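This report concerns only the one structure given below.
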Amino acid sequence: MSTSGVIDLRSDTVTRPSAGMLEAMMRAPLGDDVLGDDPTVQALQVEVAGLLGKEAACFVPSGTMANQTAIRAHTEPGDEVICHANSHIIHYETGAPAALSGVMIAPLAGPRGFFEAADVEGAIRSDYAAFAKSKLLVVENTNNRGGGSVWPMQKIREVTAKAREHGLRTHLDGARLWNACAATGISPREYASCFDTVSVCFSKGLGTPVGSAVVGSKELIHRVARARKMFGGAMRQSGILAAAALYALKHNRERMVNDHANAKRLAQGLAGIGGIKVDAAEVETNMVFFDLDPSLPMNAAELVERIKARGVWMMATAPRRIRAVTHLDVRDEMIPRAVEAVGEATKR
Ligand SMILES: *Cc1c(COP(=O)(O)O)cnc(C)c1O
């Protein structure tokens with residue numbers, strides 16, 4: 001844990017590398033990845049490309065860089081990217097699609113981060129010279145602001161088929177794709193088969209200190225690697241980080257179902273607290289979002305402070321909404337303690 005005794009549920013990024021992971025990092029053979037000879041980075045890229053059924057992969061420092069290098073690889077300035085209005089690429093990447101690729105966003109609405117093929121079709125512009133060029137569809141699975149929701153496979157097939165039918169490229173923001181796979185049993189490769197490029201994260205549920213990757217065709221990944229260098233994300237002895245990712249892919253994927261069970265138990269516990277509104281049935285993966293009823297005489301930021309005083313950390317994401325995320329440093333017995341802390345904190 002980040003601080004001893006603290007139950008940190010702010011995000012699945014707060015994990016610390018385990019002893020086994022640190023050991024793997026120390027043992028990793030290293031080179032210079034900008035010069036192209038770091039064997040551990042190369043091994044990771046082969047492994048991830050294989051897992052996702054693509055020709056090539058590019059290791060990058062963050063999920064943001066993974067998405068943004070992919071957007072850059074697919075688009076030209078003035079192009080338009082279609083995605084859900086709640087997307088990470090809109091809300092949490094500092095306006096990078098505009099700043100780094102010069103693209104516009106066409107946001108789509110829909111419950112829990114989902115949209116329909118008809119919505120995609122409605123957003124695609126004709127060739128008329130006054131219009132931006134619709135170029136790329138981005139799907140986020142699992143969907144963060146949608147509550148860690150898992151896109152139904154059939155819906156993914158429909159929206160991506162519609163995009164392809166109109167000549168658009170497709171990108172999957174799979175920062176938490178591993179969670180979707182753990183929740184459904186569907187392979188990473190099957191999800192990835194619907195997309196030209198996929199970004200995946202090693203420092204969310206998998207517990208590495210740093211790292212994400214983009215996968216796709218050799219040609220697209222060549223473009224991604226150029227964008228990575230341009231954006232300042234090409235690294236040297238990065239095999240030390242790639243070793244953590246290789247370790248995590250091997251040891252930390254199957255255990256994610258436990259995070260999902262803990263999130264479900266957390267939601268069920270919170271649902272029993274007066275003034276807290278949460279639908280435990282909607283908790284599909286490791287994220288729990290809950291709302292504060294108007295009857296509670298405090299807002300989300302205040303409740304978060306009061307919980308924190310009891311050693312439990314969560315995140316306010318709106319004036320009356322709080323997020324709690326389970327991960328591999330959350331042990332089963334912490335869940336009832338977290339529920340108890342919220343229960344006490346809601347009382348005057
Ligand atoms: C966390 C996250 C990212 C990447 O975030 P970084 O903090 O840059 O690693 C991208 N997409 C989604 C959906 C995420 O949750």
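Each chain in the structure tokens gets a letter, A, B, ..., in the order shown, and its residues are numbered from 1; ligands are numbered from 1 in order too.
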
Name all residues at most 7 Å from Val325 of chain A (count only C-alpha atoms; drop same-chain ones fewer than 3 positions away) and give them as a ChimeraX atom specification. /A:9-12,286-288

Output file for the residues above (all heavy atoms, as a PDB file, in the first residue's frame):
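Wrote selection-v2.pdb, looks like this:
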ATOM      1  N   LEU A   9      -8.220   3.495  -2.517  1.00  0.00           N
ATOM      2  CA  LEU A   9      -9.143   3.083  -3.578  1.00  0.00           C
ATOM      3  C   LEU A   9      -9.323   4.183  -4.624  1.00  0.00           C
ATOM      4  O   LEU A   9     -10.277   4.171  -5.393  1.00  0.00           O
ATOM      5  CB  LEU A   9     -10.511   2.727  -2.963  1.00  0.00           C
ATOM      6  CG  LEU A   9     -10.508   1.591  -1.931  1.00  0.00           C
ATOM      7  CD1 LEU A   9     -11.856   1.506  -1.216  1.00  0.00           C
ATOM      8  CD2 LEU A   9     -10.185   0.258  -2.588  1.00  0.00           C
ATOM      9  N   ARG A  10      -8.377   5.148  -4.668  1.00  0.00           N
ATOM     10  CA  ARG A  10      -8.535   6.252  -5.614  1.00  0.00           C
ATOM     11  C   ARG A  10      -8.464   5.775  -7.051  1.00  0.00           C
ATOM     12  O   ARG A  10      -9.152   6.277  -7.924  1.00  0.00           O
ATOM     13  CB  ARG A  10      -7.461   7.319  -5.370  1.00  0.00           C
ATOM     14  CG  ARG A  10      -7.646   8.090  -4.078  1.00  0.00           C
ATOM     15  CD  ARG A  10      -6.450   8.960  -3.805  1.00  0.00           C
ATOM     16  NE  ARG A  10      -5.228   8.159  -3.716  1.00  0.00           N
ATOM     17  CZ  ARG A  10      -3.996   8.645  -3.772  1.00  0.00           C
ATOM     18  NH1 ARG A  10      -3.808   9.940  -3.915  1.00  0.00           N
ATOM     19  NH2 ARG A  10      -2.954   7.835  -3.672  1.00  0.00           N
ATOM     20  N   SER A  11      -7.566   4.824  -7.308  1.00  0.00           N
ATOM     21  CA  SER A  11      -7.357   4.369  -8.681  1.00  0.00           C
ATOM     22  C   SER A  11      -6.621   3.034  -8.663  1.00  0.00           C
ATOM     23  O   SER A  11      -5.969   2.689  -7.675  1.00  0.00           O
ATOM     24  CB  SER A  11      -6.508   5.396  -9.445  1.00  0.00           C
ATOM     25  OG  SER A  11      -6.190   4.916 -10.735  1.00  0.00           O
ATOM     26  N   ASP A  12      -6.699   2.295  -9.774  1.00  0.00           N
ATOM     27  CA  ASP A  12      -5.919   1.069  -9.893  1.00  0.00           C
ATOM     28  C   ASP A  12      -4.490   1.371 -10.361  1.00  0.00           C
ATOM     29  O   ASP A  12      -3.727   0.459 -10.688  1.00  0.00           O
ATOM     30  CB  ASP A  12      -6.605   0.057 -10.828  1.00  0.00           C
ATOM     31  CG  ASP A  12      -7.197   0.700 -12.065  1.00  0.00           C
ATOM     32  OD1 ASP A  12      -6.981   1.915 -12.290  1.00  0.00           O
ATOM     33  OD2 ASP A  12      -7.888  -0.009 -12.829  1.00  0.00           O
ATOM     34  N   ASN A 286     -13.768  -3.449 -11.961  1.00  0.00           N
ATOM     35  CA  ASN A 286     -13.114  -3.061 -10.705  1.00  0.00           C
ATOM     36  C   ASN A 286     -13.449  -1.637 -10.265  1.00  0.00           C
ATOM     37  O   ASN A 286     -12.761  -1.099  -9.413  1.00  0.00           O
ATOM     38  CB  ASN A 286     -11.587  -3.217 -10.832  1.00  0.00           C
ATOM     39  CG  ASN A 286     -10.989  -2.257 -11.851  1.00  0.00           C
ATOM     40  OD1 ASN A 286     -11.646  -1.877 -12.815  1.00  0.00           O
ATOM     41  ND2 ASN A 286      -9.749  -1.885 -11.650  1.00  0.00           N
ATOM     42  N   MET A 287     -14.463  -1.016 -10.889  1.00  0.00           N
ATOM     43  CA  MET A 287     -14.761   0.370 -10.542  1.00  0.00           C
ATOM     44  C   MET A 287     -16.155   0.488  -9.937  1.00  0.00           C
ATOM     45  O   MET A 287     -17.107  -0.098 -10.439  1.00  0.00           O
ATOM     46  CB  MET A 287     -14.680   1.254 -11.789  1.00  0.00           C
ATOM     47  CG  MET A 287     -13.418   1.013 -12.592  1.00  0.00           C
ATOM     48  SD  MET A 287     -13.240   2.168 -13.957  1.00  0.00           S
ATOM     49  CE  MET A 287     -12.393   3.455 -13.123  1.00  0.00           C
ATOM     50  N   VAL A 288     -16.229   1.274  -8.850  1.00  0.00           N
ATOM     51  CA  VAL A 288     -17.520   1.540  -8.205  1.00  0.00           C
ATOM     52  C   VAL A 288     -17.718   3.052  -8.181  1.00  0.00           C
ATOM     53  O   VAL A 288     -16.888   3.775  -7.631  1.00  0.00           O
ATOM     54  CB  VAL A 288     -17.544   1.002  -6.759  1.00  0.00           C
ATOM     55  CG1 VAL A 288     -18.887   1.309  -6.105  1.00  0.00           C
ATOM     56  CG2 VAL A 288     -17.245  -0.500  -6.731  1.00  0.00           C
TER      57      VAL A 288
END

7 Å contact set for Thr285 of chain A, only C-alpha atoms, chain neighbours under 3 positions out, as a list in words: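 Skipping anything fewer than 3 positions along the chain leaves Gly148, Ser149, Asn179, Ala183 and His260 of chain A.
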
Since we have the selection now, will you write its residues out, keeping N, CA, C and O atoms, as a compact mmCIF listing (two decimals), in the first residue's frame?
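Writing done, so here's part.txt:
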# COMPACT_ATOMS: atom_id res chain seq x y z
N GLY A 148 -16.66 1.61 -15.44
CA GLY A 148 -15.90 0.37 -15.67
C GLY A 148 -16.74 -0.62 -16.47
O GLY A 148 -16.56 -1.83 -16.38
N SER A 149 -17.65 -0.06 -17.28
CA SER A 149 -18.58 -0.90 -18.04
C SER A 149 -17.86 -1.65 -19.17
O SER A 149 -16.90 -1.15 -19.74
N ASN A 179 -9.23 -5.99 -17.89
CA ASN A 179 -10.40 -6.15 -17.02
C ASN A 179 -11.60 -6.68 -17.80
O ASN A 179 -12.34 -7.54 -17.32
N ALA A 183 -13.49 -10.17 -17.10
CA ALA A 183 -14.92 -10.17 -16.77
C ALA A 183 -15.72 -11.06 -17.70
O ALA A 183 -16.71 -11.67 -17.29
N HIS A 260 -12.67 -7.72 -9.28
CA HIS A 260 -14.06 -7.51 -9.69
C HIS A 260 -15.02 -7.96 -8.59
O HIS A 260 -16.01 -7.29 -8.31

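With atom CA of Val198 of chain A on one side and atom CA of Gly216 of chain A on the other, the separation reads 6.8 Å.
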
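If one restricts the calculation to only C-alpha atoms and all ligand atoms, the set of residues situated within 8 Å of ligand 1 consists of Thr13, Pro61, Ser62, Gly63, Thr64, Met65, Ala66, Asn67, Ser87, His88, Ile89, Tyr92, Glu93, Glu140, Asn141, Thr142, Asn143, Asn144, Asp173, Gly174, Ala175, Arg176, Cys201, Ser203, Lys204, Val210, Gly211 and Ser212 of chain A.
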
I need the residues of segment 109-314 of chain A that end up classed as strand (DSSP E) by DSSP on the backbone, written out as a PyMOL selection string. chain A and resi 133-140+169-174+197-201+212-216+276-277+287-292+312-313

Dump of N, CA and C atoms for the selected residues, as a short mmCIF file (atom, residue, chain, number, x, y, z; two decimals), in the first residue's frame:
data_model
loop_
_atom_site.label_atom_id
_atom_site.label_comp_id
_atom_site.auth_asym_id
_atom_site.auth_seq_id
_atom_site.Cartn_x
_atom_site.Cartn_y
_atom_site.Cartn_z
N LYS A 133 -12.94 15.94 -42.20
CA LYS A 133 -12.93 14.57 -42.73
C LYS A 133 -13.04 13.57 -41.58
N SER A 134 -14.12 12.78 -41.58
CA SER A 134 -14.28 11.74 -40.55
C SER A 134 -13.22 10.68 -40.80
N LYS A 135 -12.34 10.44 -39.82
CA LYS A 135 -11.20 9.58 -40.10
C LYS A 135 -11.09 8.37 -39.16
N LEU A 136 -11.47 8.58 -37.88
CA LEU A 136 -11.15 7.55 -36.90
C LEU A 136 -12.29 7.38 -35.90
N LEU A 137 -12.61 6.12 -35.59
CA LEU A 137 -13.56 5.82 -34.50
C LEU A 137 -12.76 5.28 -33.32
N VAL A 138 -13.02 5.83 -32.13
CA VAL A 138 -12.36 5.33 -30.92
C VAL A 138 -13.40 4.76 -29.96
N VAL A 139 -13.15 3.54 -29.50
CA VAL A 139 -14.00 2.87 -28.51
C VAL A 139 -13.17 2.67 -27.25
N GLU A 140 -13.76 2.90 -26.08
CA GLU A 140 -13.04 2.72 -24.80
C GLU A 140 -13.64 1.53 -24.05
N ARG A 169 -10.84 4.49 -39.95
CA ARG A 169 -9.99 3.63 -39.14
C ARG A 169 -10.62 3.45 -37.76
N THR A 170 -10.13 2.46 -37.02
CA THR A 170 -10.69 2.18 -35.69
C THR A 170 -9.58 1.99 -34.67
N HIS A 171 -9.76 2.59 -33.49
CA HIS A 171 -8.80 2.45 -32.38
C HIS A 171 -9.55 2.07 -31.12
N LEU A 172 -9.00 1.11 -30.39
CA LEU A 172 -9.56 0.72 -29.09
C LEU A 172 -8.69 1.27 -27.98
N ASP A 173 -9.27 2.13 -27.13
CA ASP A 173 -8.58 2.55 -25.92
C ASP A 173 -8.81 1.44 -24.90
N GLY A 174 -7.83 0.55 -24.85
CA GLY A 174 -7.94 -0.64 -23.98
C GLY A 174 -7.10 -0.51 -22.73
N THR A 197 -5.90 -0.41 -34.44
CA THR A 197 -4.91 -0.27 -33.37
C THR A 197 -5.61 -0.42 -32.02
N VAL A 198 -4.82 -0.88 -31.04
CA VAL A 198 -5.32 -1.03 -29.68
C VAL A 198 -4.24 -0.50 -28.74
N SER A 199 -4.66 0.30 -27.73
CA SER A 199 -3.72 0.66 -26.67
C SER A 199 -4.07 -0.15 -25.43
N VAL A 200 -3.04 -0.63 -24.75
CA VAL A 200 -3.24 -1.36 -23.49
C VAL A 200 -2.29 -0.78 -22.44
N CYS A 201 -2.69 -0.92 -21.18
CA CYS A 201 -1.94 -0.31 -20.09
C CYS A 201 -1.42 -1.41 -19.15
N SER A 212 2.68 1.44 -21.16
CA SER A 212 1.54 1.06 -21.99
C SER A 212 2.10 0.60 -23.33
N ALA A 213 1.22 0.12 -24.19
CA ALA A 213 1.67 -0.27 -25.53
C ALA A 213 0.56 0.00 -26.53
N VAL A 214 0.97 0.20 -27.78
CA VAL A 214 0.03 0.26 -28.90
C VAL A 214 0.34 -0.92 -29.81
N VAL A 215 -0.69 -1.59 -30.29
CA VAL A 215 -0.47 -2.67 -31.26
C VAL A 215 -1.23 -2.35 -32.55
N GLY A 216 -0.74 -2.94 -33.65
CA GLY A 216 -1.39 -2.74 -34.95
C GLY A 216 -0.54 -3.35 -36.05
N ILE A 276 -26.50 6.95 0.39
CA ILE A 276 -25.60 6.56 -0.70
C ILE A 276 -26.42 5.82 -1.76
N LYS A 277 -26.23 6.24 -3.01
CA LYS A 277 -26.95 5.58 -4.11
C LYS A 277 -25.95 4.89 -5.03
N MET A 287 -14.46 -1.02 -10.89
CA MET A 287 -14.76 0.37 -10.54
C MET A 287 -16.15 0.49 -9.94
N VAL A 288 -16.23 1.27 -8.85
CA VAL A 288 -17.52 1.54 -8.21
C VAL A 288 -17.72 3.05 -8.18
N PHE A 289 -18.78 3.52 -8.81
CA PHE A 289 -19.16 4.94 -8.72
C PHE A 289 -20.41 5.00 -7.86
N PHE A 290 -20.42 5.90 -6.88
CA PHE A 290 -21.66 6.05 -6.10
C PHE A 290 -21.99 7.52 -5.92
N ASP A 291 -23.30 7.78 -5.76
CA ASP A 291 -23.80 9.15 -5.67
C ASP A 291 -24.30 9.45 -4.26
N LEU A 292 -24.21 10.73 -3.91
CA LEU A 292 -24.69 11.19 -2.62
C LEU A 292 -26.10 11.75 -2.79
N VAL A 312 -9.25 5.66 4.63
CA VAL A 312 -9.72 5.11 3.36
C VAL A 312 -9.76 6.23 2.32
N TRP A 313 -9.07 6.02 1.20
CA TRP A 313 -8.96 7.05 0.18
C TRP A 313 -9.82 6.71 -1.03
#

From A:Ala300, A:Cys83, A:Ala341, A:Ala99, residue lying nearest Phe115 of chain A [only C-alpha atoms]: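 Checking each candidate against Phe115 of chain A, we get A:Cys83 as the closest.
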
So that each row is one residue of segment 37-139 of chain A with an atom at most 7 Å from segment 235-240 of chain A, can you give its shortest atom pair and the distance in Å to one decimal, using only C-alpha atoms, rows by chain and rising number, as a Markdown table?
| residue | atom | partner | partner_atom | distance |
| --- | --- | --- | --- | --- |
| A:Asp38 | CA | A:Gly239 | CA | 6.1 |
| A:Thr40 | CA | A:Gly239 | CA | 4.7 |
| A:Val41 | CA | A:Gly239 | CA | 4.9 |

Can you work out which one of A:Asn258, A:Gln154, A:Asn299, A:Thr75 has the shortest atom-to-atom distance to Thr317 of chain A, counting only C-alpha atoms?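 Using only C-alpha atoms, the shortest distance to Thr317 of chain A belongs to A:Asn299.
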
Got a sec to tell me which of segment 91-258 of chain A DSSP assigns to alpha helix (DSSP H), as number ranges by chain? A: 91, 96-101, 117-123, 153-165, 177-184, 188-192, 218-230, 239-251, 256-258

From the list A:Gly274, A:Ala244, A:Ala318, A:Val81, which residue is nearest Arg27 of chain A when using only C-alpha atoms? A:Ala244

Show which residues sit within 8 Å of Ile335 of chain A, as a ChimeraX atom specification. Count only C-alpha atoms, and ignore same-chain residues fewer than 5 positions away. /A:262,265-266

Expected file contents, prior selection, N, CA, C and O atoms, as a CSV table (one decimal), in the first residue's frame:
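The resulting out14.csv:
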chain,number,residue,atom,x,y,z
A,262,ASN,N,-14.3,-8.0,-5.4
A,262,ASN,CA,-14.2,-7.1,-4.3
A,262,ASN,C,-15.0,-5.8,-4.7
A,262,ASN,O,-15.6,-5.2,-3.8
A,265,ARG,N,-18.6,-6.5,-4.0
A,265,ARG,CA,-18.9,-6.5,-2.5
A,265,ARG,C,-18.9,-5.1,-2.0
A,265,ARG,O,-19.7,-4.8,-1.1
A,266,LEU,N,-18.0,-4.3,-2.5
A,266,LEU,CA,-17.9,-2.9,-2.0
A,266,LEU,C,-19.2,-2.2,-2.4
A,266,LEU,O,-19.8,-1.5,-1.5

With only C-alpha atoms as the counted atoms, please give the residues lying no more than 9 Å from Ala281 of chain A, apart from itself and same-chain residues fewer than 2 positions off, as a list in words. Lys264, Ala267, Gln268, Val278, Asp279, Val283 and Glu284 of chain A

Atom CA of Leu22 of chain A to atom CA of Leu328 of chain A, distance in Å rounded to a single decimal: 15.5 Å

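For the set A:Gly232, A:Gly5, A:Gly272, A:Gly207, the residue with the smallest atom-to-atom gap to Pro17 of chain A is A:Gly207, counting only C-alpha atoms.
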
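From atom CA of Glu158 of chain A back to atom CA of Ala117 of chain A, the distance works out to 5.7 Å.
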
If we count only C-alpha atoms, what is near Glu302 of chain A at a cut-off of 10 Å, once residues fewer than 4 positions away on the same chain are taken out, given as a ChimeraX atom specification? /A:297-298,306-308,316,319-320,345-346

Considering only C-alpha atoms, return as a list in words whatever protein or nucleic-acid residues lie within 9 Å of Glu219 of chain A, sequence-local ones (same chain, fewer than 4 positions apart) excluded. Ala56, Arg223 and Val224 of chain A

Keeping only N, CA, C and O atoms, take the residues you just selected and write them out as a JSON list (two decimals), in the first residue's frame.
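As written to disk, out.json reads:
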[["chain", "number", "residue", "atom", "x", "y", "z"],
["A", 56, "ALA", "N", 2.58, -5.96, -34.90],
["A", 56, "ALA", "CA", 3.65, -5.24, -34.20],
["A", 56, "ALA", "C", 3.09, -4.49, -33.00],
["A", 56, "ALA", "O", 1.88, -4.27, -32.88],
["A", 223, "ARG", "N", 4.51, 4.27, -37.76],
["A", 223, "ARG", "CA", 4.06, 5.65, -37.58],
["A", 223, "ARG", "C", 3.90, 6.00, -36.10],
["A", 223, "ARG", "O", 4.23, 7.10, -35.67],
["A", 224, "VAL", "N", 3.40, 5.05, -35.33],
["A", 224, "VAL", "CA", 3.27, 5.25, -33.88],
["A", 224, "VAL", "C", 4.65, 5.50, -33.25],
["A", 224, "VAL", "O", 4.82, 6.40, -32.43]]
